[in-house]
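Novice: Next up is a structure, given as structure tokens.
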Amino acid sequence: MSACSPEPYPENSSLVTDKAALTRDSIAQNSENIEDSIRNSYARLASERADVCPKLIEEQGSQVIERVAEVMVNDYCDYFLYPREGQHISVATNNRQIEALLIVPALHNFANGGYKVMSYDKHIIRLSYNGATYKPQNLNYDIVMTISDNSDKEYS
């Protein structure tokens with residue numbers, strides 16, 4: 001290539017730009033993966049405490065996961081689950097002032113019944129105060145999450 005060449009850029013300049021874009025995308029994806037891993041690590045530790053959220057709930061052989069004497073300090077508490085495709089999730093609490101919603105990967109209100117898992121992915125169940133009066137500073141509740149392989153039930 002000479003100084004008088006009509007071509008302002010070398011032929012492979014688009015390859016350099018594409019590689020730079022791919023590198024930025026992979027860095028962004030790695031950052032998201034690391035951030036999610038940190039959140040899960042924090043949630044795993046929080047699962048050992050009643051008053052810290054979010055919580056990572058891991059199946060340990062039992063399909064019924066009971067959390068007794070949980071404490072909602074903030075406006076809501078998130079529970080992270082990783083169910084398998086085809087399983088069904090149902091959630092019940094002992095406090096009618098608490099609303100149980102699946103917020104990730106789809107929006108589902110557990111007051112309308114259980115949820116059928118469409119793919120192995122992080123599922124976030126959010127419990128939030130939905131009472132007519134002000135929320136107490138520390139709201140106590142029990143939660144039962146049932147994860148089943150029973151396919152004869154109808155879920156949305």
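Ordered as shown in the structure tokens, chains take letters A, B, and onward, while each chain numbers its residues from 1 and ligands are numbered from 1 in the order shown.
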Where does region 122-141 of chain A meet region 72-79 of chain A within 7 Å, residue by residue, with the nearest atom pair and distance in Å to one decimal for each, counting only C-alpha atoms, listed by chain and rising number, as a Markdown table?
Specialist:
| residue | atom | partner | partner_atom | distance |
| --- | --- | --- | --- | --- |
| A:Ile124 | CA | A:Tyr79 | CA | 5.6 |
| A:Ile125 | CA | A:Tyr79 | CA | 5.1 |
| A:Arg126 | CA | A:Asp78 | CA | 4.4 |
| A:Leu127 | CA | A:Cys77 | CA | 5.3 |
| A:Ser128 | CA | A:Tyr76 | CA | 4.2 |
| A:Tyr129 | CA | A:Asp75 | CA | 6.5 |
| A:Gln137 | CA | A:Val73 | CA | 6.1 |
| A:Asn138 | CA | A:Val73 | CA | 5.0 |
| A:Leu139 | CA | A:Met72 | CA | 5.0 |
| A:Asn140 | CA | A:Met72 | CA | 6.4 |
Novice: Would you list, as a JSON list (two decimals) with C-alpha atoms, in the first residue's frame, the residues of region 23-147 of chain A that end up in strand (DSSP E) under DSSP run on this structure's backbone?
Specialist:
[["chain", "number", "residue", "atom", "x", "y", "z"],
["A", 55, "LYS", "CA", -32.10, -16.40, 49.14],
["A", 56, "LEU", "CA", -30.91, -19.30, 47.01],
["A", 64, "VAL", "CA", -41.19, -29.76, 49.54],
["A", 65, "ILE", "CA", -39.11, -26.85, 50.75],
["A", 66, "GLU", "CA", -40.34, -25.29, 53.98],
["A", 67, "ARG", "CA", -38.91, -22.10, 55.39],
["A", 68, "VAL", "CA", -40.30, -21.34, 58.85],
["A", 69, "ALA", "CA", -40.11, -18.00, 60.69],
["A", 70, "GLU", "CA", -38.78, -16.00, 57.75],
["A", 71, "VAL", "CA", -38.58, -12.23, 58.28],
["A", 72, "MET", "CA", -39.31, -9.68, 55.56],
["A", 76, "TYR", "CA", -40.00, -7.85, 49.29],
["A", 77, "CYS", "CA", -37.88, -10.98, 49.47],
["A", 78, "ASP", "CA", -36.64, -12.94, 46.44],
["A", 79, "TYR", "CA", -36.02, -16.69, 46.36],
["A", 80, "PHE", "CA", -33.79, -18.12, 43.59],
["A", 81, "LEU", "CA", -34.56, -21.62, 42.30],
["A", 88, "HIS", "CA", -44.15, -27.76, 38.53],
["A", 89, "ILE", "CA", -43.71, -25.09, 41.20],
["A", 90, "SER", "CA", -46.33, -24.07, 43.73],
["A", 91, "VAL", "CA", -45.91, -21.59, 46.57],
["A", 92, "ALA", "CA", -47.95, -21.07, 49.73],
["A", 93, "THR", "CA", -47.47, -18.75, 52.70],
["A", 98, "ILE", "CA", -48.05, -11.64, 51.26],
["A", 99, "GLU", "CA", -48.24, -11.94, 47.50],
["A", 100, "ALA", "CA", -46.16, -14.68, 45.84],
["A", 101, "LEU", "CA", -45.10, -13.99, 42.24],
["A", 102, "LEU", "CA", -42.73, -15.65, 39.83],
["A", 103, "ILE", "CA", -40.93, -12.69, 38.23],
["A", 104, "VAL", "CA", -38.19, -14.44, 36.21],
["A", 108, "HIS", "CA", -46.87, -15.66, 37.19],
["A", 109, "ASN", "CA", -49.08, -15.12, 40.24],
["A", 115, "TYR", "CA", -46.35, -22.85, 37.35],
["A", 116, "LYS", "CA", -44.96, -25.35, 34.83],
["A", 123, "HIS", "CA", -36.45, -18.78, 38.50],
["A", 124, "ILE", "CA", -37.04, -15.91, 40.90],
["A", 125, "ILE", "CA", -40.00, -16.07, 43.26],
["A", 126, "ARG", "CA", -40.77, -12.71, 44.85],
["A", 127, "LEU", "CA", -42.75, -12.42, 48.05],
["A", 128, "SER", "CA", -44.01, -8.93, 48.73],
["A", 129, "TYR", "CA", -46.30, -7.29, 51.24],
["A", 139, "LEU", "CA", -42.96, -9.13, 58.88],
["A", 140, "ASN", "CA", -42.81, -12.80, 59.97],
["A", 141, "TYR", "CA", -44.07, -15.55, 57.68],
["A", 142, "ASP", "CA", -43.70, -19.19, 56.74],
["A", 143, "ILE", "CA", -43.34, -20.32, 53.12],
["A", 144, "VAL", "CA", -43.75, -23.71, 51.50],
["A", 145, "MET", "CA", -42.45, -24.25, 47.97],
["A", 146, "THR", "CA", -43.38, -27.51, 46.29],
["A", 147, "ILE", "CA", -41.41, -28.66, 43.27]]
Novice: What does the distance from CA of Ser148 (chain A) to CA of Asp36 (chain A) come to in Å, to one decimal?
Specialist: 25.9 Å
